[in-house]
Amino acid sequence: MKTLILGLLLLAPKCDLASDLGAIGQTASLDQWNALGNGPVIRRLGREKCFCSLYLILCRYPNLEEHAAKAIYENLDTKDAIRFCELLPVGEPAWRMTTSALGKRSKDDVVPFFVKAIPTLGPTERAHFYELFGSRRWPELAELARNDLSNDGVLALRNQPISVNPPTIGSISRSYLYQLTKRE
């Protein structure tokens, strides 16, 4: 409940309240199992800055949370996007999507968020950050990644294809460290 209230307090001043109040009723009729069919509705709510409605979707419908989080995130400036990421439950699909998207913002603006967050994260979430930083060749997590090289915990995520050799935390940290040595 605390997270719901904090989320609404963050988002309410940034939304078009008249549109948002009208849209709240529409959220009750969404089919939580039809993410594809609800995509256009969710994207429209984002364009119309109906953030409170989208946040209610995010909290109410687990199968739509990534879509709602993306629609909110895409319409926030970097400072508010970081605050939004901080509100989301760590490791959940909406958090993974928004933190991945945050990596597309200015490095100088977002690296402090990642560096501050990582000591409190579990190995799966650290691996998520290693993948993100590796794809951008950001070296700030190298020391932590070296500590995870021997971690043979398997990385298992929702909707991840089943493979013979699933990635481990150690293999992801090794890949991150390797990407730092590659030249463009």
# chains A, B, ... in the order shown; residues from 1 in each chain; ligands from 1
call {"tool": "residues_around", "arguments": {"residues": "Trp138 (chain A)", "least_positions_apart": "6", "cutoff": "9 Å", "atoms": "only C-alpha atoms", "output": "PyMOL selection string"}}
result
chain A and resi 107+111+132+180
call {"tool": "write_last_selection", "arguments": {"atoms": "C-alpha atoms", "output": "PDB file, in the first residue's frame"}}
result
ATOM      1  CA  LYS A 107      25.308   7.881 -18.560  1.00  0.00           C
ATOM      2  CA  VAL A 111      25.090   5.632 -13.395  1.00  0.00           C
ATOM      3  CA  LEU A 132      22.984  -3.578 -19.155  1.00  0.00           C
ATOM      4  CA  LEU A 180      34.777  -4.083 -21.270  1.00  0.00           C
TER       5      LEU A 180
END
call {"tool": "select_by_dssp", "arguments": {"residues": "region 52-157 of chain A", "states": "alpha helix (DSSP H)", "output": "ChimeraX atom specification"}}
result
/A:52-60,65-73,78-87,93-102,107-117,123-136,142-147
call {"tool": "write_last_selection", "arguments": {"atoms": "C-alpha atoms", "output": "PDB file, in the first residue's frame"}}
result
ATOM      1  CA  CYS A  52      -2.276   7.412 -12.249  1.00  0.00           C
ATOM      2  CA  SER A  53      -4.422   5.086 -14.361  1.00  0.00           C
ATOM      3  CA  LEU A  54      -1.322   3.391 -15.722  1.00  0.00           C
ATOM      4  CA  TYR A  55       0.124   2.996 -12.239  1.00  0.00           C
ATOM      5  CA  LEU A  56      -3.112   1.355 -11.105  1.00  0.00           C
ATOM      6  CA  ILE A  57      -2.842  -1.040 -14.066  1.00  0.00           C
ATOM      7  CA  LEU A  58       0.763  -1.758 -13.085  1.00  0.00           C
ATOM      8  CA  CYS A  59      -0.285  -2.572  -9.516  1.00  0.00           C
ATOM      9  CA  ARG A  60      -3.471  -4.478 -10.375  1.00  0.00           C
ATOM     10  CA  GLU A  65       2.806  -4.320 -15.562  1.00  0.00           C
ATOM     11  CA  GLU A  66       5.672  -4.093 -18.051  1.00  0.00           C
ATOM     12  CA  HIS A  67       3.478  -2.366 -20.628  1.00  0.00           C
ATOM     13  CA  ALA A  68       2.077   0.105 -18.108  1.00  0.00           C
ATOM     14  CA  ALA A  69       5.523   0.818 -16.657  1.00  0.00           C
ATOM     15  CA  LYS A  70       6.919   1.444 -20.144  1.00  0.00           C
ATOM     16  CA  ALA A  71       4.079   3.830 -21.005  1.00  0.00           C
ATOM     17  CA  ILE A  72       4.778   5.800 -17.822  1.00  0.00           C
ATOM     18  CA  TYR A  73       8.561   5.691 -18.117  1.00  0.00           C
ATOM     19  CA  THR A  78      15.359  11.317 -16.426  1.00  0.00           C
ATOM     20  CA  LYS A  79      15.110  12.522 -12.821  1.00  0.00           C
ATOM     21  CA  ASP A  80      11.501  11.355 -12.496  1.00  0.00           C
ATOM     22  CA  ALA A  81      12.256   8.133 -14.385  1.00  0.00           C
ATOM     23  CA  ILE A  82      14.909   7.305 -11.775  1.00  0.00           C
ATOM     24  CA  ARG A  83      12.486   8.044  -8.945  1.00  0.00           C
ATOM     25  CA  PHE A  84       9.910   5.835 -10.675  1.00  0.00           C
ATOM     26  CA  CYS A  85      12.426   2.959 -10.924  1.00  0.00           C
ATOM     27  CA  GLU A  86      13.156   3.328  -7.214  1.00  0.00           C
ATOM     28  CA  LEU A  87       9.458   2.812  -6.412  1.00  0.00           C
ATOM     29  CA  PRO A  93       9.244  -7.388 -14.727  1.00  0.00           C
ATOM     30  CA  ALA A  94       8.300  -3.685 -14.544  1.00  0.00           C
ATOM     31  CA  TRP A  95      11.504  -2.938 -12.627  1.00  0.00           C
ATOM     32  CA  ARG A  96      13.628  -4.906 -15.109  1.00  0.00           C
ATOM     33  CA  MET A  97      12.027  -3.110 -18.062  1.00  0.00           C
ATOM     34  CA  THR A  98      12.410   0.379 -16.593  1.00  0.00           C
ATOM     35  CA  THR A  99      15.967  -0.145 -15.391  1.00  0.00           C
ATOM     36  CA  SER A 100      16.893  -1.492 -18.849  1.00  0.00           C
ATOM     37  CA  ALA A 101      15.330   1.555 -20.467  1.00  0.00           C
ATOM     38  CA  LEU A 102      17.067   3.817 -17.958  1.00  0.00           C
ATOM     39  CA  LYS A 107      25.308   7.881 -18.560  1.00  0.00           C
ATOM     40  CA  ASP A 108      26.165  10.789 -16.289  1.00  0.00           C
ATOM     41  CA  ASP A 109      22.551  11.010 -15.145  1.00  0.00           C
ATOM     42  CA  VAL A 110      21.865   7.330 -14.514  1.00  0.00           C
ATOM     43  CA  VAL A 111      25.090   5.632 -13.395  1.00  0.00           C
ATOM     44  CA  PRO A 112      24.792   7.093  -9.874  1.00  0.00           C
ATOM     45  CA  PHE A 113      21.381   5.396  -9.536  1.00  0.00           C
ATOM     46  CA  PHE A 114      22.814   2.019 -10.553  1.00  0.00           C
ATOM     47  CA  VAL A 115      25.918   2.327  -8.366  1.00  0.00           C
ATOM     48  CA  LYS A 116      23.770   3.321  -5.374  1.00  0.00           C
ATOM     49  CA  ALA A 117      21.266   0.502  -5.953  1.00  0.00           C
ATOM     50  CA  PRO A 123      22.728 -11.825  -7.578  1.00  0.00           C
ATOM     51  CA  THR A 124      19.973 -12.048 -10.223  1.00  0.00           C
ATOM     52  CA  GLU A 125      19.416  -8.302 -10.176  1.00  0.00           C
ATOM     53  CA  ARG A 126      23.178  -7.640 -10.234  1.00  0.00           C
ATOM     54  CA  ALA A 127      23.421  -9.860 -13.316  1.00  0.00           C
ATOM     55  CA  HIS A 128      20.700  -7.752 -14.936  1.00  0.00           C
ATOM     56  CA  PHE A 129      22.838  -4.661 -14.325  1.00  0.00           C
ATOM     57  CA  TYR A 130      25.967  -6.428 -15.648  1.00  0.00           C
ATOM     58  CA  GLU A 131      24.130  -7.167 -18.896  1.00  0.00           C
ATOM     59  CA  LEU A 132      22.984  -3.578 -19.155  1.00  0.00           C
ATOM     60  CA  PHE A 133      26.405  -2.100 -18.385  1.00  0.00           C
ATOM     61  CA  GLY A 134      28.168  -4.590 -20.644  1.00  0.00           C
ATOM     62  CA  SER A 135      26.076  -3.663 -23.661  1.00  0.00           C
ATOM     63  CA  ARG A 136      27.114  -0.040 -23.122  1.00  0.00           C
ATOM     64  CA  ALA A 142      33.669  -4.237 -12.824  1.00  0.00           C
ATOM     65  CA  GLU A 143      34.823  -4.785  -9.238  1.00  0.00           C
ATOM     66  CA  LEU A 144      31.465  -6.240  -8.199  1.00  0.00           C
ATOM     67  CA  ALA A 145      31.403  -8.416 -11.314  1.00  0.00           C
ATOM     68  CA  ARG A 146      34.796  -9.872 -10.392  1.00  0.00           C
ATOM     69  CA  ASN A 147      33.313 -10.907  -7.048  1.00  0.00           C
TER      70      ASN A 147
END
call {"tool": "closest_residue", "arguments": {"among": "A:Pro119, A:Gly39, A:Gly91, A:Pro139", "to": "Leu155 (chain A)", "atoms": "only C-alpha atoms"}}
result
A:Gly91
call {"tool": "atom_distance", "arguments": {"atom1": "CA of Gly46 (chain A)", "atom2": "CA of Tyr61 (chain A)"}}
result
16.4 Å
call {"tool": "closest_residue", "arguments": {"among": "A:Glu74, A:Val154, A:Asp148, A:Asn165", "to": "Leu177 (chain A)", "atoms": "only C-alpha atoms"}}
result
A:Asp148
call {"tool": "atom_distance", "arguments": {"atom1": "CA of Ile172 (chain A)", "atom2": "CA of Gly103 (chain A)"}}
result
17.2 Å
call {"tool": "closest_residue", "arguments": {"among": "A:Arg137, A:Ser150, A:Pro166, A:Asn75", "to": "Lys182 (chain A)", "atoms": "only C-alpha atoms"}}
result
A:Arg137
call {"tool": "atom_distance", "arguments": {"atom1": "CA of Ile169 (chain A)", "atom2": "CA of Leu149 (chain A)"}}
result
7.4 Å
